[in-house]
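S.K.: Have a peek at final33.pdb (PDB, C-alpha atoms, pLDDT in the B column).
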```
ATOM      1  CA  MET A   1     -21.403  22.435  41.494  1.00 95.00           C
ATOM      2  CA  GLU A   2     -20.432  19.747  43.980  1.00 96.00           C
ATOM      3  CA  MET A   3     -17.023  18.116  43.611  1.00 96.00           C
ATOM      4  CA  LYS A   4     -15.435  15.433  45.750  1.00 94.00           C
ATOM      5  CA  LEU A   5     -11.748  14.607  45.853  1.00 95.00           C
ATOM      6  CA  GLU A   6     -11.533  10.825  45.498  1.00 97.00           C
ATOM      7  CA  LEU A   7      -7.975   9.834  44.590  1.00 98.00           C
ATOM      8  CA  VAL A   8      -4.490  11.346  44.937  1.00 98.00           C
ATOM      9  CA  ALA A   9      -1.506   9.847  43.089  1.00 98.00           C
ATOM     10  CA  ILE A  10       1.656   9.514  45.195  1.00 98.00           C
ATOM     11  CA  PRO A  11       5.027   9.038  43.458  1.00 98.00           C
ATOM     12  CA  VAL A  12       7.085   6.277  45.060  1.00 98.00           C
ATOM     13  CA  SER A  13      10.312   4.478  44.153  1.00 97.00           C
ATOM     14  CA  ASP A  14       9.435   1.046  45.615  1.00 98.00           C
ATOM     15  CA  VAL A  15       5.801  -0.033  45.351  1.00 98.00           C
ATOM     16  CA  ASP A  16       6.005  -2.901  47.847  1.00 98.00           C
ATOM     17  CA  ARG A  17       7.822  -0.772  50.430  1.00 98.00           C
ATOM     18  CA  ALA A  18       5.225   2.005  50.062  1.00 98.00           C
ATOM     19  CA  ARG A  19       2.317  -0.460  50.273  1.00 98.00           C
ATOM     20  CA  ASP A  20       3.743  -2.005  53.444  1.00 98.00           C
ATOM     21  CA  PHE A  21       4.387   1.419  55.024  1.00 98.00           C
ATOM     22  CA  TYR A  22       0.884   2.728  54.379  1.00 98.00           C
ATOM     23  CA  LYS A  23      -0.741  -0.560  55.430  1.00 98.00           C
ATOM     24  CA  ASP A  24       1.392  -1.658  58.379  1.00 98.00           C
ATOM     25  CA  LYS A  25       2.669   1.645  59.765  1.00 98.00           C
ATOM     26  CA  LEU A  26      -0.264   3.970  59.026  1.00 98.00           C
ATOM     27  CA  GLY A  27      -3.120   1.456  59.023  1.00 97.00           C
ATOM     28  CA  PHE A  28      -4.505   2.343  55.574  1.00 98.00           C
ATOM     29  CA  ASN A  29      -6.866  -0.192  53.988  1.00 98.00           C
ATOM     30  CA  LEU A  30      -5.464  -1.945  50.925  1.00 98.00           C
ATOM     31  CA  ASP A  31      -8.256  -1.539  48.356  1.00 98.00           C
ATOM     32  CA  HIS A  32      -6.490  -2.754  45.216  1.00 97.00           C
ATOM     33  CA  ASP A  33      -3.114  -4.190  44.262  1.00 98.00           C
ATOM     34  CA  HIS A  34      -3.272  -5.239  40.636  1.00 98.00           C
ATOM     35  CA  THR A  35      -0.382  -5.982  38.301  1.00 97.00           C
ATOM     36  CA  VAL A  36      -1.590  -5.732  34.719  1.00 94.00           C
ATOM     37  CA  SER A  37       1.838  -6.034  33.092  1.00 96.00           C
ATOM     38  CA  GLU A  38       5.458  -5.299  33.928  1.00 94.00           C
ATOM     39  CA  LYS A  39       4.717  -1.693  32.943  1.00 96.00           C
ATOM     40  CA  LEU A  40       1.466  -1.265  34.859  1.00 97.00           C
ATOM     41  CA  ARG A  41       0.725  -1.946  38.511  1.00 98.00           C
ATOM     42  CA  PHE A  42      -2.018  -0.119  40.393  1.00 98.00           C
ATOM     43  CA  VAL A  43      -2.182   0.061  44.195  1.00 98.00           C
ATOM     44  CA  GLN A  44      -5.009   1.969  45.884  1.00 98.00           C
ATOM     45  CA  MET A  45      -5.205   2.524  49.638  1.00 98.00           C
ATOM     46  CA  THR A  46      -7.637   4.414  51.870  1.00 98.00           C
ATOM     47  CA  PRO A  47      -7.115   5.842  55.351  1.00 98.00           C
ATOM     48  CA  LEU A  48      -9.634   4.457  57.831  1.00 96.00           C
ATOM     49  CA  GLY A  49     -12.738   6.673  57.740  1.00 95.00           C
ATOM     50  CA  SER A  50     -11.676   8.658  54.674  1.00 96.00           C
ATOM     51  CA  ALA A  51     -13.647   9.214  51.473  1.00 96.00           C
ATOM     52  CA  CYS A  52     -10.407   9.975  49.608  1.00 98.00           C
ATOM     53  CA  SER A  53      -7.822   7.352  48.667  1.00 98.00           C
ATOM     54  CA  ILE A  54      -4.235   7.403  47.475  1.00 98.00           C
ATOM     55  CA  CYS A  55      -2.757   5.407  44.614  1.00 98.00           C
ATOM     56  CA  PHE A  56       0.724   4.550  43.437  1.00 98.00           C
ATOM     57  CA  GLY A  57       2.413   1.869  41.415  1.00 97.00           C
ATOM     58  CA  ILE A  58       4.160   1.367  38.115  1.00 97.00           C
ATOM     59  CA  GLY A  59       2.851   3.504  35.253  1.00 96.00           C
ATOM     60  CA  ILE A  60       0.780   5.580  37.689  1.00 94.00           C
ATOM     61  CA  ALA A  61       2.815   8.668  38.639  1.00 93.00           C
ATOM     62  CA  ASP A  62       5.928   8.005  36.579  1.00 90.00           C
ATOM     63  CA  LYS A  63       6.356  11.641  35.524  1.00 93.00           C
ATOM     64  CA  MET A  64       6.469  12.726  39.173  1.00 97.00           C
ATOM     65  CA  LYS A  65       9.642  12.456  41.240  1.00 98.00           C
ATOM     66  CA  PRO A  66       9.315  10.126  44.261  1.00 98.00           C
ATOM     67  CA  GLY A  67       9.027  12.246  47.389  1.00 97.00           C
ATOM     68  CA  SER A  68       7.795  15.329  45.509  1.00 98.00           C
ATOM     69  CA  ILE A  69       4.342  15.455  47.126  1.00 98.00           C
ATOM     70  CA  LYS A  70       4.438  17.906  50.034  1.00 98.00           C
ATOM     71  CA  GLY A  71       1.771  18.931  52.510  1.00 96.00           C
ATOM     72  CA  LEU A  72      -0.787  16.131  52.333  1.00 97.00           C
ATOM     73  CA  GLN A  73      -3.041  16.487  55.331  1.00 97.00           C
ATOM     74  CA  MET A  74      -5.508  14.307  57.193  1.00 97.00           C
ATOM     75  CA  VAL A  75      -7.728  15.278  60.126  1.00 97.00           C
ATOM     76  CA  VAL A  76      -7.661  13.286  63.376  1.00 97.00           C
ATOM     77  CA  LYS A  77      -9.695  13.614  66.565  1.00 97.00           C
ATOM     78  CA  ASP A  78      -6.674  13.648  68.885  1.00 98.00           C
ATOM     79  CA  ALA A  79      -3.228  14.687  67.652  1.00 98.00           C
ATOM     80  CA  GLN A  80      -1.403  13.384  70.723  1.00 98.00           C
ATOM     81  CA  ALA A  81      -3.093   9.971  70.495  1.00 98.00           C
ATOM     82  CA  ALA A  82      -2.287   9.803  66.762  1.00 98.00           C
ATOM     83  CA  HIS A  83       1.323  10.779  67.498  1.00 98.00           C
ATOM     84  CA  ASP A  84       1.641   8.086  70.156  1.00 98.00           C
ATOM     85  CA  GLU A  85       0.054   5.388  67.959  1.00 98.00           C
ATOM     86  CA  LEU A  86       2.248   6.147  64.940  1.00 98.00           C
ATOM     87  CA  LYS A  87       5.383   6.294  67.077  1.00 98.00           C
ATOM     88  CA  LYS A  88       4.450   2.906  68.576  1.00 98.00           C
ATOM     89  CA  ARG A  89       4.120   1.541  65.010  1.00 97.00           C
ATOM     90  CA  GLY A  90       7.625   2.755  64.169  1.00 97.00           C
ATOM     91  CA  VAL A  91       6.827   5.931  62.221  1.00 98.00           C
ATOM     92  CA  ALA A  92       9.253   8.832  62.723  1.00 98.00           C
ATOM     93  CA  VAL A  93       6.810  11.571  63.739  1.00 98.00           C
ATOM     94  CA  SER A  94       7.321  15.131  64.919  1.00 98.00           C
ATOM     95  CA  ASP A  95       6.249  16.297  68.330  1.00 98.00           C
ATOM     96  CA  VAL A  96       2.728  17.721  68.443  1.00 98.00           C
ATOM     97  CA  ASP A  97       2.875  21.282  67.090  1.00 98.00           C
ATOM     98  CA  THR A  98       0.119  23.447  68.614  1.00 97.00           C
ATOM     99  CA  GLN A  99      -1.103  26.406  66.568  1.00 95.00           C
ATOM    100  CA  VAL A 100      -4.200  28.613  66.830  1.00 91.00           C
ATOM    101  CA  TRP A 101      -5.718  26.717  63.883  1.00 92.00           C
ATOM    102  CA  GLY A 102      -5.070  23.262  65.309  1.00 96.00           C
ATOM    103  CA  LYS A 103      -2.567  20.728  66.557  1.00 97.00           C
ATOM    104  CA  PHE A 104      -0.310  19.041  64.021  1.00 98.00           C
ATOM    105  CA  VAL A 105       1.843  15.937  63.757  1.00 98.00           C
ATOM    106  CA  HIS A 106       4.181  15.676  60.753  1.00 98.00           C
ATOM    107  CA  PHE A 107       5.842  12.655  59.134  1.00 98.00           C
ATOM    108  CA  ASN A 108       7.269  11.451  55.823  1.00 98.00           C
ATOM    109  CA  ASP A 109       6.678   8.276  53.885  1.00 98.00           C
ATOM    110  CA  PRO A 110       9.777   6.232  52.922  1.00 98.00           C
ATOM    111  CA  ASP A 111      10.309   8.355  49.773  1.00 98.00           C
ATOM    112  CA  GLY A 112       9.956  11.704  51.548  1.00 98.00           C
ATOM    113  CA  ASN A 113       6.391  12.596  50.583  1.00 98.00           C
ATOM    114  CA  THR A 114       5.256  14.757  53.513  1.00 98.00           C
ATOM    115  CA  TRP A 115       2.102  14.328  55.555  1.00 98.00           C
ATOM    116  CA  SER A 116       0.454  16.187  58.419  1.00 98.00           C
ATOM    117  CA  LEU A 117      -2.222  15.077  60.819  1.00 98.00           C
ATOM    118  CA  GLN A 118      -4.372  17.931  62.111  1.00 97.00           C
ATOM    119  CA  GLU A 119      -6.572  18.023  65.168  1.00 97.00           C
ATOM    120  CA  LEU A 120      -9.059  20.790  64.421  1.00 95.00           C
ATOM    121  CA  PRO A 121      -9.832  23.321  67.136  1.00 91.00           C
ATOM    122  CA  PRO A 122     -13.465  23.749  68.211  1.00 83.00           C
ATOM    123  CA  ARG A 123     -15.295  25.568  65.398  1.00 73.00           C
ATOM    124  CA  SER A 124     -16.919  27.847  67.975  1.00 69.00           C
ATOM    125  CA  GLN A 125     -13.550  29.527  68.604  1.00 65.00           C
ATOM    126  CA  PHE A 126     -13.646  31.128  65.135  1.00 60.00           C
ATOM    127  CA  LYS A 127     -16.085  33.938  64.475  1.00 63.00           C
ATOM    128  CA  VAL A 128     -16.676  34.921  60.862  1.00 59.00           C
TER     129      VAL A 128
END
```
Mind converting the file's structure to structure tokens?
M.R.:
Amino acid sequence: MEMKLELVAIPVSDVDRARDFYKDKLGFNLDHDHTVSEKLRFVQMTPLGSACSICFGIGIADKMKPGSIKGLQMVVKDAQAAHDELKKRGVAVSDVDTQVWGKFVHFNDPDGNTWSLQELPPRSQFKV
């Protein structure tokens, strides 16, 4: 059975601040920003090149504590280039962390939800 992850809800405390961070600092596309009522606002954003989006808003992840999502990960071609670009955009990023299974750059959104960018090593280095 084929399954595709399409949408991940992210708990945030300030919808506008989160939208601006993901759009202006990370470069995510703003797919939707709809206010239905004072109790329901839906924001959906997608990283450039990704098939999976994130969403947040009012009435979206209200039972989750802002900042409680840990370990979200995206793959990049070049961890150092991603590090340099995010730092230039004002994101507080870690140094590039090199491991056998890839190079990583870590950062938090304004609420403390944690993200990693991973540069995958060449697949030929792993023998199964």
S.K.: What's the 6 Å shell around Asn113 of chain A, counting all atoms listed in the file, without same-chain residues fewer than 2 positions away, as a count of residues only?
M.R.: 7
S.K.: Using all atoms listed in the file, determine which residues lie at most 6 Å from segment 40-45 of chain A, disregarding the query and same-chain residues fewer than 3 positions distant; provide the list as a ChimeraX atom specification.
M.R.: /A:28-37,53-59
S.K.: Write out as a list in words the residues lying within 12 Å of Ala81 of chain A, counting all atoms listed in the file and excluding same-chain residues fewer than 6 positions away.
M.R.: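 The residues satisfying every condition are Lys87, Lys88, Asp95, Val96, Lys103, Phe104, Val105, Leu117, Gln118 and Glu119 of chain A.
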S.K.: Give the centre and edge lengths of an axis-aligned box, in Å to one decimal, that holds all listed atoms of segment 79-83 of chain A with 6 Å on each side, as JSON.
M.R.:
```
{"center_x": -1.0, "center_y": 12.2, "center_z": 68.7, "size_x": 16.6, "size_y": 16.9, "size_z": 16.0}
```
S.K.: Can you turn the PyMOL selection byres ((chain A and resi 91-94) around 12) into a concrete residue list for this file, as a PyMOL selection string?
M.R.: chain A and resi 21-22+24-27+79-80+82-90+95-98+103-110+112+114-117
S.K.: Between atom CA of Ile60 of chain A and atom CA of Pro11 of chain A, measure the distance and give it in Å to one decimal.
M.R.: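 So the answer is 8.0 Å.
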S.K.: Rounded to one decimal in Å, what is the spacing between atom CA of Ser13 of chain A and atom CA of Pro66 of chain A?
M.R.: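 It comes out at 5.7 Å.
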S.K.: On this structure, the PyMOL selection byres ((chain A and resi 4) around 12) would catch which residues? List them as a ChimeraX atom specification, sorted by chain and number.
M.R.: /A:1-3,5-8,50-53
